[in-house]
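Here the structure comes first, spelled out in structure tokens, and everything after it is commentary.
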Amino acid sequence: MTIEEKFATLGVDNAPGQESQQKDAPLDLRGPKLEGEPVDFSHGDVDAHTPTPGSFELFAAGVEEGGAQAYTPYKGRNAILASLAERIAAFTGAEIPEGGIILTPGTQGALFLAMGANIMPGDKVAIVEPDYFANRKMTEFFGGEMIAIPMHYETAEAGASGIDLEALEEAFKAGAKLFLFSNPNNPVGCIYSFDEICGIAAMAKKYGATLIVDELYSRQVYSGINYTHLRAQKEIPENLITIIGPSKTESLSGYRLGAAFGTPAIIERMEKLQAIMSLRCGGYNQAVFNCWFNEPEGWLADRVKQHEAIRDMIMAKCKQVPGVTARATDGGSYLFITIPELDVSLHQFIKIARAHAGVTITPGTEFGPQYIHSFRINFSQDKNKAEAAMDRLFKLMELYRK
């Protein structure tokens, strides 16, 4: 593989916030332009759902403190690490071992470090389809051989993700050394059941595999849904890393804050990699960790309730459109929407939607090449704007329906 081929797999045009990178060829525009305030469903709106109260004041205090906060150890400032380890342990239900936590530049940074610390060229890596688009890209970048594990989310029982555990075991038997997955899943928003989590943990232990569990949205779980932290179960593998951060639910994405915790030997490798990649999670930004799990009483519950209302509104609209289906999100703020066959390609329709209706969405093919009739939206938006945008999107879709 040439260097050009290696980086060709890391296309960024459809990544959140990258719509300006898209080069629009002449589009098949039908009907008058659908006017309305633009909505970018590729990522959440931190103006509509503002950051945790007090976050900026903590950042400013870190700046005021100066060097002690600016130049922390590579893992993170010791006092922040210790305090955060206690809060995360209480949330996830399991203690964090000494030396078993690192602060990173966003959960994306944590994922990159965790994968870089575990994948050697030629290693077999199991990933879920559909799942976070960077999982596939990072596996390829580090030279891993990907084994796709189907997730039958559309036919899964209530309270389950539908992961194919038999396929996962076959992957382990075939030599997969690493399995990574997001819970809640990105893009579908389903949450793994207790039985699924225990099954994954037991198999990883049996076959000596490493697990990376991305729990970014685990604080944003909706009514009637139970969440199981894998790291808190009785039977877990020796090598386990969990990733979480105050980013999406808390609207703190702009600070680029993430944390990874688990097996100390892996955390040590991640620290060495971070030392040559970014040195550390932004020093001043680390101060903002002090508001995480310390939000005002009722703030988080209100935020989850607000998002649940937006989810329900969009789900109701989806059900009104023939040929459109979506599984209601269990946690997080994503919906993976399947649409009927159109007489333009999915990527053409997405460009048309942005140009002709002011609506930006992420193609399903980012999460698996087979999802040519699906797109993902992040519904962490102003509710009224989101509703109007979905109306425009579905109205536009009717013009291109086969």
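Every chain in the structure tokens takes a letter, A first, then B, and so on in the order presented; its residues are numbered from 1, and the ligands are numbered from 1 following the presented order.
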
Exercise for review: List every residue of segment 250-370 of chain A that DSSP, applied to the backbone, labels as strand (DSSP E), and write the result as number ranges by chain.
Suggested key: A: 257-262, 325-326, 334-338, 359-360, 362-363

Practice item. Just the residues within 12 Å of Ala8 of chain A, please, counting only C-alpha atoms, with nothing from its chain fewer than 6 positions along; format it as a PyMOL selection string. Key: chain A and resi 1-2+137+140-141

Kindly assemble as CSV a list of the segment 224-300 of chain A residues that lie within 12 Å of segment 199-220 of chain A, each paired with its nearest atom pair and their distance in Å to one decimal, using only C-alpha atoms, sorted first by chain and then by ascending residue number.
residue,atom,partner,partner_atom,distance
A:Ile225,CA,A:Gln220,CA,10.4
A:Asn226,CA,A:Ser218,CA,10.5
A:Tyr227,CA,A:Ser218,CA,7.5
A:Thr228,CA,A:Ser218,CA,9.2
A:His229,CA,A:Glu215,CA,8.5
A:Leu230,CA,A:Ala201,CA,7.0
A:Arg231,CA,A:Ala201,CA,8.6
A:Ala232,CA,A:Ala201,CA,10.4
A:Gln233,CA,A:Ala201,CA,8.1
A:Lys234,CA,A:Ala201,CA,9.2
A:Glu235,CA,A:Ala202,CA,6.0
A:Ile236,CA,A:Ala201,CA,5.0
A:Pro237,CA,A:Lys205,CA,4.1
A:Glu238,CA,A:Lys205,CA,6.8
A:Asn239,CA,A:Thr210,CA,4.9
A:Leu240,CA,A:Leu211,CA,4.9
A:Ile241,CA,A:Ile212,CA,4.9
A:Thr242,CA,A:Val213,CA,4.8
A:Ile243,CA,A:Asp214,CA,4.8
A:Ile244,CA,A:Leu216,CA,4.5
A:Gly245,CA,A:Leu216,CA,5.9
A:Pro246,CA,A:Leu216,CA,8.0
A:Ser247,CA,A:Leu216,CA,7.8
A:Lys248,CA,A:Tyr217,CA,7.1
A:Thr249,CA,A:Gln220,CA,6.3
A:Glu250,CA,A:Arg219,CA,9.3
A:Ser251,CA,A:Tyr217,CA,11.5
A:Ser253,CA,A:Leu216,CA,11.4
A:Leu257,CA,A:Leu216,CA,11.1
A:Gly258,CA,A:Leu216,CA,8.9
A:Ala259,CA,A:Leu216,CA,9.7
A:Ala260,CA,A:Asp214,CA,9.1
A:Phe261,CA,A:Ile212,CA,10.0
A:Gly262,CA,A:Ile212,CA,9.5
A:Thr263,CA,A:Thr210,CA,9.9
A:Ile266,CA,A:Thr210,CA,9.9
A:Ile267,CA,A:Ile212,CA,11.9
A:Trp292,CA,A:Arg219,CA,11.0
A:Phe293,CA,A:Arg219,CA,9.6
A:Trp299,CA,A:Gln220,CA,12.0
A:Leu300,CA,A:Gln220,CA,8.3

Practice item. Within 7 Å of Pro51 of chain A, counting only C-alpha atoms, which residues show up once you throw out same-chain ones fewer than 2 positions away? Write them as a ChimeraX atom specification, please. Key: /A:46,49,53,55,250-252

Based on the selection just made, write N, CA and C atoms of those residues as a PDB file, in the first residue's frame.
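Result file is selection-v7.pdb:
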ATOM      1  N   VAL A  46     -24.276  23.134  20.229  1.00  0.00           N
ATOM      2  CA  VAL A  46     -23.951  23.570  21.593  1.00  0.00           C
ATOM      3  C   VAL A  46     -24.486  24.962  21.892  1.00  0.00           C
ATOM      4  N   HIS A  49     -28.056  23.550  23.130  1.00  0.00           N
ATOM      5  CA  HIS A  49     -27.860  22.829  24.397  1.00  0.00           C
ATOM      6  C   HIS A  49     -26.490  23.235  24.923  1.00  0.00           C
ATOM      7  N   PRO A  53     -22.977  24.319  33.260  1.00  0.00           N
ATOM      8  CA  PRO A  53     -22.767  25.577  33.993  1.00  0.00           C
ATOM      9  C   PRO A  53     -21.448  25.567  34.754  1.00  0.00           C
ATOM     10  N   SER A  55     -18.445  25.714  33.434  1.00  0.00           N
ATOM     11  CA  SER A  55     -17.312  25.144  32.705  1.00  0.00           C
ATOM     12  C   SER A  55     -16.319  26.224  32.270  1.00  0.00           C
ATOM     13  N   GLU A 250     -22.884  16.679  27.717  1.00  0.00           N
ATOM     14  CA  GLU A 250     -22.625  17.895  28.473  1.00  0.00           C
ATOM     15  C   GLU A 250     -22.326  19.092  27.575  1.00  0.00           C
ATOM     16  N   SER A 251     -22.315  18.893  26.261  1.00  0.00           N
ATOM     17  CA  SER A 251     -22.029  19.957  25.278  1.00  0.00           C
ATOM     18  C   SER A 251     -20.675  20.608  25.501  1.00  0.00           C
ATOM     19  N   LEU A 252     -19.700  19.823  25.945  1.00  0.00           N
ATOM     20  CA  LEU A 252     -18.353  20.329  26.190  1.00  0.00           C
ATOM     21  C   LEU A 252     -17.385  19.919  25.079  1.00  0.00           C
TER      22      LEU A 252
END

At a cut-off of 6 Å, using only C-alpha atoms, what residues contact segment 108-117 of chain A? Leave out same-chain residues fewer than 2 positions from it and give the result as a tab-separated table (two decimals) with N, CA, C and O atoms, in the first residue's frame.
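And here's part.tsv as it stands now:
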chain	number	residue	atom	x	y	z
A	104	THR	N	-7.30	12.57	27.84
A	104	THR	CA	-6.96	12.63	26.42
A	104	THR	C	-7.64	13.81	25.74
A	104	THR	O	-8.62	14.35	26.26
A	105	PRO	N	-7.13	14.22	24.57
A	105	PRO	CA	-7.78	15.29	23.82
A	105	PRO	C	-9.05	14.79	23.14
A	105	PRO	O	-9.07	14.44	21.96
A	106	GLY	N	-10.12	14.72	23.91
A	106	GLY	CA	-11.39	14.19	23.43
A	106	GLY	C	-11.43	12.68	23.49
A	106	GLY	O	-10.39	12.01	23.61
A	119	ILE	N	-2.98	-2.45	18.44
A	119	ILE	CA	-3.01	-3.04	17.10
A	119	ILE	C	-1.62	-3.00	16.47
A	119	ILE	O	-1.00	-1.94	16.35
A	260	ALA	N	-9.72	7.66	29.38
A	260	ALA	CA	-9.68	6.21	29.18
A	260	ALA	C	-9.16	5.59	30.47
A	260	ALA	O	-8.28	6.15	31.13
A	269	ARG	N	1.04	2.23	27.80
A	269	ARG	CA	1.36	2.33	26.37
A	269	ARG	C	0.67	3.54	25.74
A	269	ARG	O	1.25	4.24	24.90
A	270	MET	N	-0.55	3.79	26.17
A	270	MET	CA	-1.28	4.94	25.66
A	270	MET	C	-0.58	6.24	26.05
A	270	MET	O	-0.52	7.19	25.26

Point to revise | Test item: residues at most 8 Å from segment 56-69 of chain A, only C-alpha atoms, excluding those fewer than 3 positions along its chain, as a PyMOL selection string | key: chain A and resi 53+72+77+283-288+290-291

Just the selected residues (N, CA, C and O atoms), exported as a PDB file, in the first residue's frame, please.
ATOM      1  N   PRO A  53     -22.977  24.319  33.260  1.00  0.00           N
ATOM      2  CA  PRO A  53     -22.767  25.577  33.993  1.00  0.00           C
ATOM      3  C   PRO A  53     -21.448  25.567  34.754  1.00  0.00           C
ATOM      4  O   PRO A  53     -21.083  24.582  35.390  1.00  0.00           O
ATOM      5  N   THR A  72       0.912  19.822  32.527  1.00  0.00           N
ATOM      6  CA  THR A  72       0.675  18.707  33.436  1.00  0.00           C
ATOM      7  C   THR A  72       1.480  17.489  32.986  1.00  0.00           C
ATOM      8  O   THR A  72       1.992  17.455  31.871  1.00  0.00           O
ATOM      9  N   ARG A  77      -3.149  16.000  35.060  1.00  0.00           N
ATOM     10  CA  ARG A  77      -2.779  16.531  36.374  1.00  0.00           C
ATOM     11  C   ARG A  77      -3.199  15.543  37.458  1.00  0.00           C
ATOM     12  O   ARG A  77      -4.337  15.045  37.464  1.00  0.00           O
ATOM     13  N   GLY A 283      -3.795  21.422  28.652  1.00  0.00           N
ATOM     14  CA  GLY A 283      -3.614  21.676  30.080  1.00  0.00           C
ATOM     15  C   GLY A 283      -4.708  22.523  30.700  1.00  0.00           C
ATOM     16  O   GLY A 283      -5.307  22.143  31.713  1.00  0.00           O
ATOM     17  N   TYR A 284      -4.981  23.690  30.122  1.00  0.00           N
ATOM     18  CA  TYR A 284      -6.035  24.543  30.673  1.00  0.00           C
ATOM     19  C   TYR A 284      -7.387  23.837  30.617  1.00  0.00           C
ATOM     20  O   TYR A 284      -8.210  23.955  31.529  1.00  0.00           O
ATOM     21  N   ASN A 285      -7.607  23.119  29.526  1.00  0.00           N
ATOM     22  CA  ASN A 285      -8.888  22.420  29.359  1.00  0.00           C
ATOM     23  C   ASN A 285      -9.123  21.390  30.456  1.00  0.00           C
ATOM     24  O   ASN A 285     -10.266  21.131  30.836  1.00  0.00           O
ATOM     25  N   GLN A 286      -8.057  20.781  30.958  1.00  0.00           N
ATOM     26  CA  GLN A 286      -8.215  19.756  31.984  1.00  0.00           C
ATOM     27  C   GLN A 286      -8.970  20.283  33.205  1.00  0.00           C
ATOM     28  O   GLN A 286      -9.669  19.532  33.888  1.00  0.00           O
ATOM     29  N   ALA A 287      -8.849  21.569  33.472  1.00  0.00           N
ATOM     30  CA  ALA A 287      -9.532  22.146  34.633  1.00  0.00           C
ATOM     31  C   ALA A 287     -11.043  21.979  34.541  1.00  0.00           C
ATOM     32  O   ALA A 287     -11.740  21.892  35.556  1.00  0.00           O
ATOM     33  N   VAL A 288     -11.548  21.892  33.297  1.00  0.00           N
ATOM     34  CA  VAL A 288     -13.002  21.780  33.087  1.00  0.00           C
ATOM     35  C   VAL A 288     -13.519  20.426  33.551  1.00  0.00           C
ATOM     36  O   VAL A 288     -14.710  20.269  33.838  1.00  0.00           O
ATOM     37  N   ASN A 290     -13.391  19.322  36.291  1.00  0.00           N
ATOM     38  CA  ASN A 290     -13.907  19.456  37.656  1.00  0.00           C
ATOM     39  C   ASN A 290     -15.413  19.698  37.715  1.00  0.00           C
ATOM     40  O   ASN A 290     -16.015  19.577  38.791  1.00  0.00           O
ATOM     41  N   CYS A 291     -16.035  20.023  36.574  1.00  0.00           N
ATOM     42  CA  CYS A 291     -17.497  20.166  36.584  1.00  0.00           C
ATOM     43  C   CYS A 291     -18.199  18.894  36.150  1.00  0.00           C
ATOM     44  O   CYS A 291     -19.424  18.793  36.221  1.00  0.00           O
TER      45      CYS A 291
END

Review point. Which value, in Å to one decimal, gives the distance between atom CA of Phe133 of chain A and atom CA of Met315 of chain A?
Key: 23.3 Å

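Between atom CA of Ser42 of chain A and atom CA of Asn378 of chain A the interatomic distance comes to 5.9 Å.
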
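Nearest residue to His307 of chain A among A:Ala89, A:Val221, A:Ala389, A:Met120 is A:Val221, counting only C-alpha atoms.
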
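Taking only C-alpha atoms into account, Gln274 of chain A lies nearest to A:Lys75 out of the set A:Leu10, A:Gly364, A:Lys75, A:Ala94.
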
**Study point:** Close residues, Ser223 of chain A itself excluded, 10 Å, only C-alpha atoms, min 4 positions apart in chain, as a list in words
**Key:** Val304, Lys305, Glu308, Asp330 and Gly331 of chain A

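Closest approach to Pro340 of chain A from the set A:Gln320, A:Asn384, A:Thr365, A:Ser374 is made by A:Ser374, with distances taken over only C-alpha atoms.
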
Review point. Near segment 152-166 of chain A, counting only C-alpha atoms, which residues have an atom at most 12 Å away, once you skip same-chain residues fewer than 3 positions from it, shown as an MDAnalysis selection string?
Key: chainID A and resid 126:131 148:149 169:173 179 181:204 221:228 325:331 336:338

Could those selected residues go to a file with C-alpha atoms, as a short mmCIF file (atom, residue, chain, number, x, y, z; two decimals), in the first residue's frame?
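Listing of again-v9.cif after writing:
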data_model
loop_
_atom_site.label_atom_id
_atom_site.label_comp_id
_atom_site.auth_asym_id
_atom_site.auth_seq_id
_atom_site.Cartn_x
_atom_site.Cartn_y
_atom_site.Cartn_z
CA ALA A 126 -13.41 -7.28 15.35
CA ILE A 127 -15.71 -4.27 14.98
CA VAL A 128 -19.48 -3.96 14.90
CA GLU A 129 -21.45 -2.90 11.82
CA PRO A 130 -22.90 -0.38 12.06
CA ASP A 131 -20.71 1.43 14.57
CA ALA A 148 -17.13 -7.21 10.80
CA ILE A 149 -19.62 -8.35 13.45
CA GLU A 169 -17.09 -15.95 18.88
CA GLU A 170 -16.16 -17.08 15.39
CA ALA A 171 -14.03 -13.94 15.08
CA PHE A 172 -12.24 -14.79 18.33
CA LYS A 173 -11.72 -18.37 17.14
CA PHE A 179 -12.91 -6.15 19.85
CA PHE A 181 -17.74 -1.30 20.22
CA SER A 182 -19.72 1.74 21.32
CA ASN A 183 -22.44 1.48 23.96
CA PRO A 184 -24.83 3.24 23.35
CA ASN A 185 -24.15 2.43 19.74
CA ASN A 186 -23.25 5.20 17.32
CA PRO A 187 -25.14 5.54 14.92
CA VAL A 188 -28.19 3.51 16.00
CA GLY A 189 -28.40 4.54 19.66
CA CYS A 190 -29.22 1.04 20.90
CA ILE A 191 -27.88 -0.15 24.26
CA TYR A 192 -26.46 -3.62 24.85
CA SER A 193 -28.46 -5.81 27.22
CA PHE A 194 -27.02 -7.31 30.39
CA ASP A 195 -26.86 -10.73 28.74
CA GLU A 196 -25.09 -9.32 25.66
CA ILE A 197 -22.53 -7.49 27.81
CA CYS A 198 -21.85 -10.57 29.93
CA GLY A 199 -21.55 -12.69 26.80
CA ILE A 200 -19.01 -10.32 25.26
CA ALA A 201 -16.98 -10.16 28.47
CA ALA A 202 -16.95 -13.93 28.97
CA MET A 203 -15.88 -14.61 25.40
CA ALA A 204 -13.09 -12.03 25.50
CA VAL A 221 -30.00 6.97 28.78
CA TYR A 222 -33.73 7.25 28.21
CA SER A 223 -36.80 6.19 30.17
CA GLY A 224 -37.21 2.47 30.83
CA ILE A 225 -33.73 1.53 29.56
CA ASN A 226 -31.17 -0.30 31.71
CA TYR A 227 -27.47 0.30 31.17
CA THR A 228 -24.75 -2.25 32.00
CA THR A 325 -37.96 3.46 9.40
CA ALA A 326 -35.80 4.07 12.45
CA ARG A 327 -35.24 2.36 15.75
CA ALA A 328 -35.98 4.63 18.70
CA THR A 329 -32.75 5.66 20.38
CA ASP A 330 -32.11 4.03 23.78
CA GLY A 331 -29.30 6.42 24.64
CA PHE A 336 -30.10 5.94 12.08
CA ILE A 337 -32.86 6.44 9.55
CA THR A 338 -33.58 4.11 6.65
#

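Note that the spacing between atom CA of Ile101 of chain A and atom CA of Ser333 of chain A amounts to 26.4 Å.
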
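Of the listed residues (A:Tyr334, A:Lys385, A:Pro32, A:Gly143), A:Tyr334 comes nearest to Ile361 of chain A; the distances count only C-alpha atoms.
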